[in-house]
>>> print(open('input27.pdb').read())   # PDB, C-alpha atoms and all ligand atoms
ATOM      1  CA  MET A   1      -3.371  16.988  10.045
ATOM      2  CA  CYS A   2       0.230  16.090  10.498
ATOM      3  CA  GLY A   3       1.020  13.162   8.318
ATOM      4  CA  VAL A   4      -1.810  10.866   9.264
ATOM      5  CA  ILE A   5      -3.347   9.300   6.212
ATOM      6  CA  SER A   6      -7.063   9.172   6.864
ATOM      7  CA  ASP A   7      -8.837  10.167   3.693
ATOM      8  CA  GLY A   8     -10.664   6.867   3.652
ATOM      9  CA  GLY A   9      -9.250   5.703   0.351
ATOM     10  CA  ALA A  10      -5.760   4.719   1.358
ATOM     11  CA  ALA A  11      -4.852   1.137   2.042
ATOM     12  CA  TRP A  12      -2.085  -1.375   1.653
ATOM     13  CA  TYR A  13      -1.998  -2.921  -1.804
ATOM     14  CA  LEU A  14      -0.064  -5.896  -3.007
ATOM     15  CA  ARG A  15       2.067  -5.117  -6.039
ATOM     16  CA  SER A  16       3.617  -8.571  -6.018
ATOM     17  CA  THR A  17       4.133 -11.321  -3.505
ATOM     18  CA  GLY A  18       7.811 -10.473  -3.216
ATOM     19  CA  ASN A  19       9.433  -8.812  -0.259
ATOM     20  CA  HIS A  20       9.058  -5.046   0.161
ATOM     21  CA  ASP A  21       6.464  -4.928  -2.589
ATOM     22  CA  THR A  22       3.300  -4.161  -0.678
ATOM     23  CA  HIS A  23       2.607  -0.442  -0.933
ATOM     24  CA  TYR A  24       0.383   2.051   0.822
ATOM     25  CA  GLY A  25      -1.644   4.191  -1.492
ATOM     26  CA  THR A  26      -4.950   5.144  -2.982
ATOM     27  CA  TRP A  27      -6.860   3.319  -5.669
ATOM     28  CA  SER A  28      -7.894   5.254  -8.741
ATOM     29  CA  GLY A  29     -10.892   3.906 -10.545
ATOM     30  CA  ILE A  30     -10.063   6.135 -13.478
ATOM     31  CA  THR A  31      -6.659   4.683 -14.274
ATOM     32  CA  ARG A  32      -7.361   1.412 -12.415
ATOM     33  CA  THR A  33      -4.047   1.732 -10.664
ATOM     34  CA  VAL A  34      -2.812   2.419  -7.156
ATOM     35  CA  HIS A  35      -0.866   5.594  -6.459
ATOM     36  CA  ALA A  36       1.534   4.669  -3.691
ATOM     37  CA  LEU A  37       3.051   7.028  -1.144
ATOM     38  CA  CYS A  38       6.533   6.152  -2.360
ATOM     39  CA  GLY A  39       5.687   7.637  -5.739
ATOM     40  CA  ILE A  40       5.055   4.590  -7.878
ATOM     41  CA  GLU A  41       1.878   3.746  -9.706
ATOM     42  CA  PHE A  42       0.922   0.150 -10.279
ATOM     43  CA  ARG A  43      -1.897  -2.261 -10.864
ATOM     44  CA  PRO A  44      -2.311  -4.347  -7.720
ATOM     45  CA  ALA A  45      -1.903  -8.084  -7.847
ATOM     46  CA  ALA A  46      -4.240 -10.534  -6.212
ATOM     47  CA  GLY A  47      -2.853 -11.856  -2.975
ATOM     48  CA  ASP A  48      -3.093 -15.294  -1.509
ATOM     49  CA  SER A  49      -6.500 -14.362  -0.220
ATOM     50  CA  GLY A  50      -7.617 -13.392  -3.686
ATOM     51  CA  GLY A  51      -8.061  -9.752  -2.797
ATOM     52  CA  THR A  52      -6.256  -6.748  -4.156
ATOM     53  CA  PHE A  53      -5.561  -5.141  -0.806
ATOM     54  CA  VAL A  54      -4.225  -6.483   2.451
ATOM     55  CA  PRO A  55      -5.153  -5.803   6.077
ATOM     56  CA  ASN A  56      -3.703  -2.782   7.805
ATOM     57  CA  PRO A  57      -1.081  -3.332   8.934
ATOM     58  CA  PRO A  58       0.029  -6.119   6.605
ATOM     59  CA  PRO A  59       0.510  -9.425   8.423
ATOM     60  CA  ASN A  60       4.020  -9.788   7.058
ATOM     61  CA  PRO A  61       6.165  -6.677   7.665
ATOM     62  CA  ASP A  62       8.828  -8.031   5.322
ATOM     63  CA  GLN A  63       6.461  -7.465   2.426
ATOM     64  CA  MET A  64       5.942  -3.794   3.229
ATOM     65  CA  CYS A  65       7.637  -1.183   1.055
ATOM     66  CA  PRO A  66      10.029   0.579   3.462
ATOM     67  CA  ASP A  67       9.272   3.992   1.971
ATOM     68  CA  CYS A  68       5.519   3.533   2.134
ATOM     69  CA  ARG A  69       5.853   2.072   5.613
ATOM     70  CA  SER A  70       7.643   5.118   6.978
ATOM     71  CA  LYS A  71       5.227   7.485   5.289
ATOM     72  CA  ALA A  72       2.138   5.573   6.374
ATOM     73  CA  THR A  73       3.135   5.065   9.965
ATOM     74  CA  GLY A  74       5.051   8.291  10.446
ATOM     75  CA  PRO A  75       8.467   8.748  12.010
ATOM     76  CA  VAL A  76       9.338   6.311  14.741
TER      77      VAL A  76
HETATM   78 ZN    ZN A 101       5.869   1.912  -1.781
END
>>> encode(input="input27.pdb", output="structure tokens")
Amino acid sequence: MCGVISDGGAAWYLRSTGNHDTHYGTWSGITRTVHALCGIEFRPAAGDSGGTFVPNPPPNPDQMCPDCRSKATGPV
């Protein structure tokens, strides 16, 4: 247990289609928002595919939140 996110609920979520706005976090069905590793809370937007989450890792690294990216993948 050293930084690996593997609780089963975490995934990449699209906050918007802009750059650096795809965040890694956990979905809360209570608040219907995503709690991202970088500390923000947001309601995910539907992506081009129509889904609310994107594959891991996201196909376009430019869309990944740098803070979430470093936290999700660990130090490089
Ligand atoms: Zn983030």
>>> closest_residue(input="input27.pdb", among="A:Arg15, A:His23, A:Lys71, A:His35", to="ligand ZN 101 (chain A)", atoms="all atoms listed in the file")
A:His23
>>> atom_distance(input="input27.pdb", atom1="CA of Thr73 (chain A)", atom2="CA of Arg43 (chain A)")
22.6 Å
>>> atom_distance(input="input27.pdb", atom1="CA of Ile30 (chain A)", atom2="CA of Pro59 (chain A)")
28.9 Å
>>> residues_near_ligand(input="input27.pdb", ligand="ligand ZN 101 (chain A)", cutoff="7 Å", atoms="all atoms listed in the file", output="list in words")
Asp21, Thr22, His23, Tyr24, Ala36, Leu37, Cys38, Gly39, Ile40, Cys65, Pro66, Asp67 and Cys68 of chain A
>>> resolve_selection(input="input27.pdb", expression="the PyMOL selection byres (((chain A and resi 13) around 10) and not hetatm)", output="PyMOL selection string")
chain A and resi 10-12+14-16+21-27+34-36+42-47+51-56+58+64
>>> axis_aligned_box(input="input27.pdb", around="region 66-69 of chain A", padding_each_side="3 Å", output="JSON")
{"center_x": 7.8, "center_y": 2.3, "center_z": 3.8, "size_x": 10.5, "size_y": 9.4, "size_z": 9.6}
>>> closest_residue(input="input27.pdb", among="A:Ser28, A:Gln63, A:Ser70, A:Gly9", to="Glu41 (chain A)", atoms="all atoms listed in the file")
A:Ser28
>>> decode(input="input27.pdb", residues="region 9-47 of chain A", atoms="C-alpha atoms", output="compact mmCIF listing (two decimals), in the first residue's frame")
# COMPACT_ATOMS: atom_id res chain seq x y z
CA GLY A 9 -13.86 2.85 -7.46
CA ALA A 10 -11.25 5.17 -8.86
CA ALA A 11 -11.15 6.05 -12.51
CA TRP A 12 -10.43 8.86 -14.90
CA TYR A 13 -13.37 11.22 -15.30
CA LEU A 14 -13.89 13.93 -17.83
CA ARG A 15 -14.64 17.28 -16.24
CA SER A 16 -14.61 19.04 -19.60
CA THR A 17 -13.17 18.40 -23.01
CA GLY A 18 -10.48 21.00 -22.45
CA ASN A 19 -6.84 20.28 -21.86
CA HIS A 20 -5.74 19.14 -18.40
CA ASP A 21 -9.34 18.69 -17.32
CA THR A 22 -9.64 14.94 -17.05
CA HIS A 23 -9.24 13.96 -13.41
CA TYR A 24 -8.62 10.77 -11.49
CA GLY A 25 -11.00 10.20 -8.65
CA THR A 26 -13.87 8.31 -7.15
CA TRP A 27 -17.53 8.67 -7.97
CA SER A 28 -19.93 9.37 -5.13
CA GLY A 29 -23.46 8.27 -5.72
CA ILE A 30 -24.54 10.31 -2.73
CA THR A 31 -23.45 13.70 -4.01
CA ARG A 32 -23.38 12.56 -7.66
CA THR A 33 -19.96 14.10 -8.04
CA VAL A 34 -16.41 12.90 -8.53
CA HIS A 35 -13.85 13.52 -5.82
CA ALA A 36 -10.57 13.93 -7.65
CA LEU A 37 -7.11 13.26 -6.27
CA CYS A 38 -6.13 16.87 -6.87
CA GLY A 39 -8.76 17.96 -4.38
CA ILE A 40 -11.56 19.21 -6.58
CA GLU A 41 -15.09 17.91 -6.68
CA PHE A 42 -17.07 18.05 -9.88
CA ARG A 43 -19.88 16.55 -11.87
CA PRO A 44 -18.36 14.69 -14.80
CA ALA A 45 -19.21 15.68 -18.33
CA ALA A 46 -20.08 13.25 -21.07
CA GLY A 47 -17.18 12.64 -23.38
